[in-house]
Amino acid sequence: MATIPVTPYSLGVCYYPEQWDRSRWTNDLNAMRDLGLSYVRIGEFAWSHLEPAPGEYQFGWLQEVLDLAAERGLSVVLGTPTATPPKWLVDWMPDMLAIDEDGRPKMFGSRRHYCFSHTGYRGVAARIVEKLAEAFGQHPAIAAWQTDNEYGCHGTILSYSDAARISFRKWLQDKYQTVENLNQAWGNVFWSMEYQSFDEIELPNLTVTQPNPAHSLDFRRFSSDQVKSFNREQVEIIRRLSPRRTILHNFMGEFLAFDHFDVAGDLDAASWDSYPLGALSLLDLPESHKRKFLRSGDPDFPAFHHDLYRTCGRGRWWVMEQQPGPVNWAPYNPSPHPGMVRLWTHEAFAHGAEVVSYFRWRQAPFAQEQMHHGINRPDGSPDVATDEIRATVREIRTISESDHAKHGITRVAAVRSAGGSKAAPVGLIFDYQAAWTLAIQPNRESFDYFTLALSFYRSARRLGLDVDILPQTANLDGYKVLLVPSLPILRPNLVASLKSFRGPVVIGPRTGSKTPDFRIPSQLPPGLLQELFPMRVLRAESLPDFAPIPVSWRGVNYQCRHWMEQIETSATPWIASTDGDAIAFTHEAFTYLATVPEQSLVDAMVEDIVSRTDVPFMLLPDGLRTRVHGDLRYFFNYGPTKVSLPVPKEAGFLIGGPELPVAGVAIIQL
Amino acid sequence: MATIPVTPYSLGVCYYPEQWDRSRWTNDLNAMRDLGLSYVRIGEFAWSHLEPAPGEYQFGWLQEVLDLAAERGLSVVLGTPTATPPKWLVDWMPDMLAIDEDGRPKMFGSRRHYCFSHTGYRGVAARIVEKLAEAFGQHPAIAAWQTDNEYGCHGTILSYSDAARISFRKWLQDKYQTVENLNQAWGNVFWSMEYQSFDEIELPNLTVTQPNPAHSLDFRRFSSDQVKSFNREQVEIIRRLSPRRTILHNFMGEFLAFDHFDVAGDLDAASWDSYPLGALSLLDLPESHKRKFLRSGDPDFPAFHHDLYRTCGRGRWWVMEQQPGPVNWAPYNPSPHPGMVRLWTHEAFAHGAEVVSYFRWRQAPFAQEQMHHGINRPDGSPDVATDEIRATVREIRTISESDHAKHGITRVAAVRSAGGSKAAPVGLIFDYQAAWTLAIQPNRESFDYFTLALSFYRSARRLGLDVDILPQTANLDGYKVLLVPSLPILRPNLVASLKSFRGPVVIGPRTGSKTPDFRIPSQLPPGLLQELFPMRVLRAESLPDFAPIPVSWRGVNYQCRHWMEQIETSATPWIASTDGDAIAFTHEAFTYLATVPEQSLVDAMVEDIVSRTDVPFMLLPDGLRTRVHGDLRYFFNYGPTKVSLPVPKEAGFLIGGPELPVAGVAIIQL
Amino acid sequence: MATIPVTPYSLGVCYYPEQWDRSRWTNDLNAMRDLGLSYVRIGEFAWSHLEPAPGEYQFGWLQEVLDLAAERGLSVVLGTPTATPPKWLVDWMPDMLAIDEDGRPKMFGSRRHYCFSHTGYRGVAARIVEKLAEAFGQHPAIAAWQTDNEYGCHGTILSYSDAARISFRKWLQDKYQTVENLNQAWGNVFWSMEYQSFDEIELPNLTVTQPNPAHSLDFRRFSSDQVKSFNREQVEIIRRLSPRRTILHNFMGEFLAFDHFDVAGDLDAASWDSYPLGALSLLDLPESHKRKFLRSGDPDFPAFHHDLYRTCGRGRWWVMEQQPGPVNWAPYNPSPHPGMVRLWTHEAFAHGAEVVSYFRWRQAPFAQEQMHHGINRPDGSPDVATDEIRATVREIRTISESDHAKHGITRVAAVRSAGGSKAAPVGLIFDYQAAWTLAIQPNRESFDYFTLALSFYRSARRLGLDVDILPQTANLDGYKVLLVPSLPILRPNLVASLKSFRGPVVIGPRTGSKTPDFRIPSQLPPGLLQELFPMRVLRAESLPDFAPIPVSWRGVNYQCRHWMEQIETSATPWIASTDGDAIAFTHEAFTYLATVPEQSLVDAMVEDIVSRTDVPFMLLPDGLRTRVHGDLRYFFNYGPTKVSLPVPKEAGFLIGGPELPVAGVAIIQL
């Protein structure tokens with residue numbers, strides 16, 4: 001069943017009619033249309049306005065807004081309001097609240113105050129979704145639905161409630177069938193943790209010291225599954241009552257607490273909320289990096305997620321919320337450099353976005369997010385982003401009218417069924433279980449999976465290469481280079497894919513170091529990887545930040561950190577520490593890293609590896625990034641100074657030119 | 001009704017007869033008198049000794065102490081013991097305990113273990129106050145009463161108890177009348193936070209993410225009001241049963257959790273507990289500053305509070321507890337530089353104190369404060385402070401006998417009714433709601449109001465200027481320069497006062513940025529200030545400490561931090577960052593700062609502004625401070641080296657001379 | 001009643017037959033024997049395998065393992081499994097869980113989830129011990145018993161449970177007889193903390209601000225006594241049912257929460273678990289030190305504990321768990337430098353250990369400690385330590401066969417009854433109450449007793465001197481030099497011993513500063529020490545790390561930190577700060593420190609003091625350590641470079657030679 005087609009390069013905005021006097025609605029919608037926006041997302045926090053008391057529905061205002069939108073040709077994304085259950089609902093079933101790791105209830109008064117495992121809440125949530133879908137599912141304005149809002153925001157995936165405990169026991173019983181199987185799988189004989197019944201099993205919090213890591217990993221898998229089933233329940237209702245509409249969820253950046261590939265599998269398309277400046281402030285990277293990119297954001301963070309969610313959506317994805325100015329929620333909230341809103345928008349399209357939607361139409365002058373800027377100021381005057389959006393609209397028109405755009409669209413369409421953009425020469429395997437495994441057992445104060453994955457991604461992007469972010473289950477045909485930052489629990493199907501892969505594969509430390517039951521493989525790490533790489537990790541040590549491993553390679557000094565393996569192998573040592581211990585080995589097309597190299601060493605290694613293939617690449621200046629979409633090559637300058645593009649002067653510039661100012665965008669027709 | 005007159009320049013001490021064998025009382029009181037002390041504070045922690053079991057009073061010992069004091073001509077300040085409810089009372093009504101933000105009870109075992117909202121506790125507290133006032137209200141020794149002890153110490157203003165929840169709902173109902181009004185004021189439509197009844201409203205703790213800032217602000221106002229009504233209940237009892245005695249409370253330094261102007265409004269005079277070294281250790285200032293003033297304390301912190309509490313007491317104020325040696329409660333507890341006890345004492349009088357009372361007569365050899373030094377050591381031998389106090393007594397006598405002293409007193413008397421010392425050329429507007437507002441919504445990891453206010457205060461003191469600390473409601477007549485560090489919620493009456501103010505006004509960032517309902521003003525910030533200053537804040541960003549804003553002004557490099565506003569204005573840009581963005585604007589006599597300048601830049605700006613007035617000033621060396629009281633000019637050397645005073649050599653020195661050693665005091669007759 | 005004799009220089013290993021298929025048992029035990037091991041510890045975490053359901057015992061597997069061990073001549077240490085109560089037991093009596101300081105239960109899911117005060121749990125724990133002792137007490141394989149496992153691990157001594165509260169009240173009643181006595185001792189009149197009944201007394205947690213330090217200290221004493229009585233209950237059962245076996249407990253390094261001298265008093269011998277690399281990571285020492293000794297561990301930490309537990313065991317002690325590779329539980333977990341396992345083993349014997357037992361035979365591939373390396377890898381292949389152990393076995397044989405060894409053994413035997421090795425010239429007084437007192441009242445952010453004690457110990461070891469770690473009650477005869485790092489609560493018997501002591505005594509700050517009731521002595525600090533040293537501490541200040549006290553002594557610059565006392569004394573000032581304040585005084589043979597000198601100054605002072613005695617010493621290069629055992633002198637190189645030994649070339653080397661490589665061991669026959 002085909003969905004309502006999406007016009008490529010569309011822009012949208014998030015709008016909260018319930019927060020404004022109805023006298024402003026018409027003007028607002030007219031102004032959106034006049035600015036060149038096509039999509040309006042509404043409704044996702046409006047539960048108390050839609051159902052002010054149990055079973056008492058008040059949908060008239062929403063009907064009116066939808067009618068007004070339809071009259072103006074605006075397409076609406078309707079959000080289900082389940083991220084903000086009203087107070088009457090919490091008072092009705094107080095144990096619907098999630099419980100935090102310390103055993104405290106997460107109380108009403110903000111949002112996301114529900115436990116995914118509470119069946120009572122799930123019933124009431126399904127009811128409001130059904131009522132909305134019944135009322136508006138066929139409304140001509142409705143082009144898409146968004147389920148809930150930002151699953152996992154504010155750390156809301158793991159709940160230690162009674163409801164979660166009951167559901168977890170059931171989930172374990174389904175998985176293991178007998179408690180003996182579970183005891184065996186987890187190794188519960190260790191420390192007398194053997195259970196006699198599934199009903200004895202607690203959640204893995206408040207233990208005297210660390211709980212069994214297998215216990216923790218199963219709890220993470222269970223919690224991810226709870227998100228999946230919660231989401232699917234809404235999807236099924238909407239699909240039944242509002243056919244042909246695109247069903248999305250707005251995911252977030254660097255949210256690792258549930259498996260996004262898995263949850264997105266039930267959606268028609270993925271979307272995510274892109275807040276580059278807030279995101280930068282939270283990354284585990286040095287202050288010098290954060291200072292350099294203070295007002296542009298990390299040059300690879302948005303792209304990483306564009307590429308991730310393109311895969312999650314099997315080629316179809318949106319930016320549902322795009323930062324248009326300072327936000328309110330980060331440790332510090334700078335203003336984007338002029339031009340960045342335009343840059344971020346173009347970059348999303350360069351990575352294949354269908355829609356980029358700004359958050360929000362008008363800055364709210366009240367409540368929690370009053371310092372979160374929007375397209376318009378609280379008084380209704382246009383904020384800085386407006387001019388940039390207007391310019392972007394014009395440029396999009398130029399692009400859309402050129403031939404290549406159609407090629408681009410065709411390609412995107414082709415990609416959908418394949419689970420990744422075939423154009424990209426580089427694939428990067430990203431895995432939520434890897435994140436959980438390394439977080440549960442970092443073996444030192446921290447061992448951050450996302451930081452490692454981003455460093456691998458960055459090394460390819462620095463070479464001007466397009467990257468697809470892929471799950472372990474992906475078809476690897478067509479990729480030229482494969483990056484595997486770390487994959488403690490290797491799946492047999494990936495091993496099989498790697499066996500037939502043609503091209504270099506760079507594999508990070510700890511890959512293959514655990515079985516699915518969170519055990520050390522009987523053949524020692526790297527476990528299943530031994531089918532491809534003749535090695536055994538004899539010993540692994542973790543190191544403090546103050547004792548890095550010095551490496552000198554080709555005349556340059558580097559440092560490796562966190563982790564170091566002693567490896568027995570017939571493979572060839574490639575790079576060694578100054579103490580003479582090999583930190584990287586090669587075997588056939590595989591490179592294995594025994595440690596975590598700093599960014600510049602990852603860069604140098606990946607450059608060396610790529611330079612030995614036939615993949616064309618260019619070494620980009622710091623902060624410059626590029627991407628090919630259809631027949632267009634885009635350039636984006638995230639850096640703090642202007643740069644000269646590494647292209648011939650006679651290149652055909654559709655937008656921009658060979659000198660790219662700070663926050664500049666250039667587009668070349670290939 | 002006039003109170004018992006206070007002899008100016010009086011000294012006192014805090015004494016705990018219940019902690020010592022009665023055989024020592026006579027000697028102790030004799031020794032106090034012989035040292036030159038006139039006031040003795042007693043009783044404020046003695047509840048279990050006064051009422052060892054419910055309704056069983058044991059007042060004999062106190063009667064005896066009062067009689068002994070009266071015989072020796074010592075005046076007594078009797079403290080109500082409500083800061084230390086006995087264990088039998090907690091066991092009687094266990095829910096009288098406050099609850100912390102994490103939901104844990106704040107248990108018996110130290111002090112201040114009560115919730116201001118618990119009506120049961122308030123009843124019993126009123127009963128012991130009444131019993132004491134009945135028994136001793138007319139005793140000739142009693143010159144004053146102290147209510148409770150250090151409201152707010154150990155973070156005890158905000159309580160998340162059931163009692164607080166019930167009272168808060170009632171308070172909200174009184175304020176808003178209907179829940180619709182409340183929903184509207186708070187903007188509860190945002191995130192479906194709308195209530196249908198006041199009984200649905202929770203306290204703003206344990207929420208998933210930040211609660212509505214309007215909710216938090218009202219909870220802060222409510223909590224401040226609870227202190228006010230708790231205190232007033234005691235004041236009314238005492239006033240009825242012990243007429244003509246001065247009723248005080250001993251406030252603390254940098255306690256911002258309740259409105260001191262408001263609570264002090266019910267008292268006859270204010271007092272505060274001055275611990276300069278402990279206070280310095282807790283300030284949000286650099287280590288270099290803390291090292292320089294390690295043994296003298298911040299050179300402006302005591303003065304700031306002297307000036308604050310002088311206003312709170314409408315001209316009448318005391319230092320109730322003066323640090324006489326190392327304390328026990330700070331992160332580190334150095335010994336004061338020799339001479340500092342004398343300096344601190346004179347400085348209090350220079351700012352108009354009626355009484356300076358030391359804490360405590362003799363160091364307790366047991367319990368929590370056994371490492372808190374006193375005037376005498378635990379073995380009864382005189383500690384270091386004794387000699388300094390003796391010298392001070394002699395010097396006070398010299399001062400008191402000189403003519404100018406009377407002028408000083410006259411002036412103080414004149415000031416009482418006016419709410420501030422008319423002599424001061426500089427007024428600084430200080431506002432507790434500003435502190436709450438900026439703490440609730442700092443917009444970065446922290447934005448410390450007190451640090452900002454202190455930096456403004458310091459800039460005037462560095463110029464040798466006297467300052468009055470004023471509430472928004474103050475009469476501004478007579479001031480020459482006005483400093484407004486930050487005032488997010490501007491009151492209309494201040495705007496009116498500013499309109500008629502003659503002289504420069506320096507206004508810090510975020511002023512006028514919120515309405516009383518914690519909303520962005522409809523005309524955009526600075527809201528009501530726009531009536532005086534033609535500007536709109538189009539955008540505000542917050543910055544990390546590692547990315548300050550560089551400013552070069554008149555050949556000197558500075559940094560601004562934390563906050564930066566983009567301003568649309570017809571006013572004149574005054575100072576710009578090196579990037580060219582104006583950080584200060586002037587319009588008529590008003591200067592508005594768009595950022596938080598470092599101290600040296602505040603200093604330079606205020607110096608420039610003052611130099612354009614006819615206010616005489618002198619640029620003081622680092623660590624030197626001065627104040628005029630009556631016809632006397634005092635100098636105090638807080639710095640680590642001796643300094644030459646910026647006065648003619650022929651100046652008439654009542655005390656000291658033109659060279660001031662470390663911790664030195666000089667007094668010149670004007 | 002003599003115990004089964006222990007062969008000197010024995011090696012052992014920790015083994016978990018219940019974690020492996022029984023098919024491996026025979027091979028494992030054969031391999032242990034073949035490697036040269038004599039002891040196997042088993043059983044201490046196997047409760048769920050021994051009693052899978054209440055009262056249902058399953059001892060067959062253990063019987064089989066013991067029979068197999070006996071057949072192979074292996075001696076078994078049987079652990080009581082009470083550190084890991086099974087889930088059925090927790091579900092049976094849920095309130096057996098300890099409660100943490102925040103009031104949260106410490107839940108099932110790891111280990112040590114019991115409260116020492118829960119009488120129900122103690123009954124069931126006694127029952128499993130009795131059943132095991134009945135079944136195996138006379139088994140020929142059983143040479144020793146270990147009670148429980150690592151009392152105090154994961155911070156499990158202090159419990160704030162109802163059971164603890166009830167027991168604490170009883171303990172207080174036993175101690176004070178009347179509540180008036182308690183009120184008097186604690187000084188409860190301060191802050192109205194007076195109790196009318198023992199039943200009113202709470203545990204000292206969750207108070208508004210710090211509880212009464214006397215309350216805290218009694219709670220610490222009580223908690224230590226609970227460990228003692230819990231342990232004694234097991235000892236008495238075992239002693240009755242398994243006579244002549246050595247009863248031990250495996251203590252840990254730097255565990256200060258209970259009195260080890262006291263608990264060990266009920267055992268036949270002490271043992272401890274030595275993890276030098278993990279321990280180093282947790283010490284309060286600079287990063288430069290941690291970097292230098294990253295892979296060898298602090299050069300004095302193991303020795304300190306060897307000397308401590310030798311005293312605890314009245315001369316008889318073991319290393320029950322010796323680190324053989326990286327561990328899993330520290331903030332970072334490096335690999336030991338090759339040779340360190342051998343070095344650590346020899347060093348233990350050099351300090352008089354009877355047995356050194358490695359943890360563990362084979363690395364577990366599952367559960368919490370899967371990253372804790374063992375002698376063998378999870379796949380059964382020998383890990384790095386195997387070769388080092390094999391070499392050590394050979395060397396031990398060489399040593400054992402030489403004459404001096406017997407002398408050594410004789411000496412050890414002689415020592416047992418005396419409570420310390422008489423050979424050592426230096427005694428260091430170590431005191432658990434001192435640790436508690438300084439932790440309860442550090443008077444600055446921290447004042448770490450262990451760090452101070454280690455610095456004193458290190459200064460003697462740097463001079464090549466053997467040290468005995470002694471309790472206050474020790475007989476001091478025979479020692480030449482005495483070190484007293486700090487001893488706030490001095491016992492009269494130590495004062496008496498010091499009076500007759502011949503030789504220098506170095507006494508650290510705060511000694512004698514408190515009475516047993518946690519009060520300042522009536523004669524002022526140093527209290528009872530005044531009988532030996534004519535001084536009074538008039539004032540004490542604590543200092544921040546950023547304001548150290550500079551000292552220049554004999555041309556070298558040093559810093560002192562944390563603490564500084566003003567002292568009135570007729571003693572001789574010895575060393576002064578650059579400000580002229582004496583930081584050390586001498587009186588007769590006593591030296592008193594008024595501050596905490598940095599390591600290099602402690603070193604210089606102790607060197608100077610020792611050099612004035614007839615005690616021979618040698619100044620060791622950084623990282624080199626030595627010890628005499630019997631007629632052997634051992635050298636150990638902990639440092640990062642090779643060193644030349646300070647011995648004549650013609651010295652008779654039993655092992656090694658005059659140049660000691662990194663991790664090298666040399667043994668000279670004296």
# chains A, B, ... in the order shown; residues from 1 in each chain; ligands from 1
>>> residues_around(residues="Tyr16 in chain B", least_positions_apart="2", cutoff="10 Å", atoms="only C-alpha atoms", output="list in words")
Cys14, Glu18, Gln19, Trp20, Trp25, Val40, Arg41, Ile42, Gly43, Glu44, Phe45, Ala46, Arg360, Trp361, Arg362 and Ala364 of chain B; Val189 and Phe190 of chain C
>>> write_last_selection(atoms="N, CA, C and O atoms", output="CSV table (one decimal), in the first residue's frame")
chain,number,residue,atom,x,y,z
B,14,CYS,N,27.9,35.0,72.6
B,14,CYS,CA,26.9,34.0,72.7
B,14,CYS,C,27.3,33.0,73.8
B,14,CYS,O,28.5,32.6,73.8
B,18,GLU,N,23.6,26.2,79.8
B,18,GLU,CA,23.2,24.8,79.9
B,18,GLU,C,24.3,23.8,79.6
B,18,GLU,O,24.2,22.6,79.9
B,19,GLN,N,25.3,24.2,78.9
B,19,GLN,CA,26.4,23.3,78.5
B,19,GLN,C,27.5,23.2,79.6
B,19,GLN,O,28.5,22.5,79.4
B,20,TRP,N,27.4,24.0,80.6
B,20,TRP,CA,28.5,24.1,81.6
B,20,TRP,C,27.9,23.9,83.0
B,20,TRP,O,26.8,24.2,83.3
B,25,TRP,N,29.1,29.6,86.1
B,25,TRP,CA,28.3,30.7,85.6
B,25,TRP,C,28.7,32.1,86.1
B,25,TRP,O,28.9,33.0,85.3
B,40,VAL,N,24.6,39.4,76.2
B,40,VAL,CA,24.8,37.9,76.2
B,40,VAL,C,23.6,37.3,75.6
B,40,VAL,O,22.5,37.5,76.0
B,41,ARG,N,23.9,36.5,74.5
B,41,ARG,CA,22.8,35.8,73.9
B,41,ARG,C,22.7,34.4,74.5
B,41,ARG,O,23.8,33.7,74.5
B,42,ILE,N,21.6,33.9,74.9
B,42,ILE,CA,21.5,32.6,75.5
B,42,ILE,C,20.2,31.9,75.0
B,42,ILE,O,19.2,32.6,74.6
B,43,GLY,N,20.2,30.6,75.2
B,43,GLY,CA,18.9,29.9,75.1
B,43,GLY,C,18.5,29.3,73.8
B,43,GLY,O,17.6,28.5,73.8
B,44,GLU,N,19.1,29.7,72.7
B,44,GLU,CA,18.4,29.3,71.4
B,44,GLU,C,18.6,27.9,71.0
B,44,GLU,O,17.9,27.4,70.1
B,45,PHE,N,19.3,27.1,71.7
B,45,PHE,CA,19.4,25.6,71.4
B,45,PHE,C,19.0,24.8,72.6
B,45,PHE,O,19.2,23.6,72.7
B,46,ALA,N,18.3,25.4,73.6
B,46,ALA,CA,18.2,24.7,74.9
B,46,ALA,C,16.8,24.1,75.1
B,46,ALA,O,16.4,23.8,76.3
B,360,ARG,N,31.8,32.0,70.2
B,360,ARG,CA,31.0,31.9,71.4
B,360,ARG,C,31.9,32.2,72.6
B,360,ARG,O,33.2,32.2,72.4
B,361,TRP,N,31.4,32.2,73.8
B,361,TRP,CA,32.2,32.6,74.9
B,361,TRP,C,33.3,31.6,75.1
B,361,TRP,O,34.5,31.9,75.2
B,362,ARG,N,33.0,30.3,75.1
B,362,ARG,CA,34.0,29.3,75.3
B,362,ARG,C,33.7,28.1,74.3
B,362,ARG,O,32.6,27.7,74.1
B,364,ALA,N,33.1,24.7,72.8
B,364,ALA,CA,32.6,23.5,73.4
B,364,ALA,C,33.5,22.4,73.1
B,364,ALA,O,34.0,22.2,72.0
C,189,VAL,N,23.5,17.9,75.3
C,189,VAL,CA,22.8,19.1,75.6
C,189,VAL,C,23.0,20.1,74.5
C,189,VAL,O,22.1,21.0,74.2
C,190,PHE,N,24.1,20.0,73.8
C,190,PHE,CA,24.3,20.8,72.6
C,190,PHE,C,23.2,20.5,71.6
C,190,PHE,O,23.0,19.4,71.2
>>> interface_residues(of="chain C", to="chain A", cutoff="6 Å", atoms="only C-alpha atoms", output="list in words")
Phe45, Ala46, Trp47, Ser48, Thr84, Pro86, Lys106, Met107, Phe108, Gly109, Ser110, Pro331, Tyr332, Asn333, Pro334, Ser335, Pro365, Phe366, Ala367, Gln368 and Asp379 of chain C
>>> residues_around(residues="range 256-261 of chain B", least_positions_apart="2", cutoff="6 Å", atoms="only C-alpha atoms", output="ChimeraX atom specification")
/B:224,254,263-264,312,432
>>> atom_distance(atom1="CA of Glu134 in chain C", atom2="CA of Thr119 in chain C")
22.1 Å
>>> select_by_dssp(residues="range 93-308 of chain C", states="strand (DSSP E)", output="ChimeraX atom specification")
/C:142-146,246-248,250-252,270-274
>>> residues_around(residues="range 653-668 of chain B", least_positions_apart="4", cutoff="6 Å", atoms="only C-alpha atoms", output="PyMOL selection string")
chain B and resi 339-340+632-638+640-645
>>> write_last_selection(atoms="C-alpha atoms", output="PDB file, in the first residue's frame")
ATOM      1  CA  GLY B 339      44.099  41.519  64.003  1.00  0.00           C
ATOM      2  CA  MET B 340      41.177  40.416  61.871  1.00  0.00           C
ATOM      3  CA  LEU B 632      34.683  59.328  60.927  1.00  0.00           C
ATOM      4  CA  ARG B 633      36.353  57.729  57.975  1.00  0.00           C
ATOM      5  CA  TYR B 634      37.502  54.175  58.604  1.00  0.00           C
ATOM      6  CA  PHE B 635      40.127  52.258  56.644  1.00  0.00           C
ATOM      7  CA  PHE B 636      40.507  48.479  56.713  1.00  0.00           C
ATOM      8  CA  ASN B 637      43.366  46.506  55.199  1.00  0.00           C
ATOM      9  CA  TYR B 638      42.138  43.082  54.069  1.00  0.00           C
ATOM     10  CA  PRO B 640      48.235  40.474  52.311  1.00  0.00           C
ATOM     11  CA  THR B 641      50.655  43.448  52.415  1.00  0.00           C
ATOM     12  CA  LYS B 642      50.788  46.782  54.196  1.00  0.00           C
ATOM     13  CA  VAL B 643      49.448  49.794  52.289  1.00  0.00           C
ATOM     14  CA  SER B 644      49.764  53.550  52.369  1.00  0.00           C
ATOM     15  CA  LEU B 645      46.447  55.274  52.872  1.00  0.00           C
TER      16      LEU B 645
END
>>> closest_residue(among="A:Val481, A:Val537, A:Leu248, A:Leu428", to="Phe590 in chain A", atoms="only C-alpha atoms")
A:Val481
>>> residues_around(residues="Ala453 in chain A", least_positions_apart="6", cutoff="10 Å", atoms="only C-alpha atoms", output="list in words")
Phe304, Leu428, Ile429, Phe430, Asp431, Ala435, Leu483, Val484, Pro485, Ser486 and Gly508 of chain A
>>> residues_around(residues="Gly427 in chain A", least_positions_apart="3", cutoff="8 Å", atoms="only C-alpha atoms", output="NGL selection string")
:A and (424 or 467-470 or 476 or 479-483)
>>> residues_around(residues="Asn376 in chain A", least_positions_apart="5", cutoff="12 Å", atoms="only C-alpha atoms", output="list in words")
Val13, Cys14, Tyr15, Asp28, Ala31, Met32, Leu35, Pro324, Gly325, Tyr358, Phe359, Arg360, Trp361, Arg362, Gln363, Ala364, Pro365, Ser381, Pro382, Asp383, Val384, Ala385, Thr386, Asp387 and Ile389 of chain A; Leu538 and Arg539 of chain B
>>> atom_distance(atom1="CA of Gly503 in chain B", atom2="CA of Pro646 in chain B")
26.0 Å
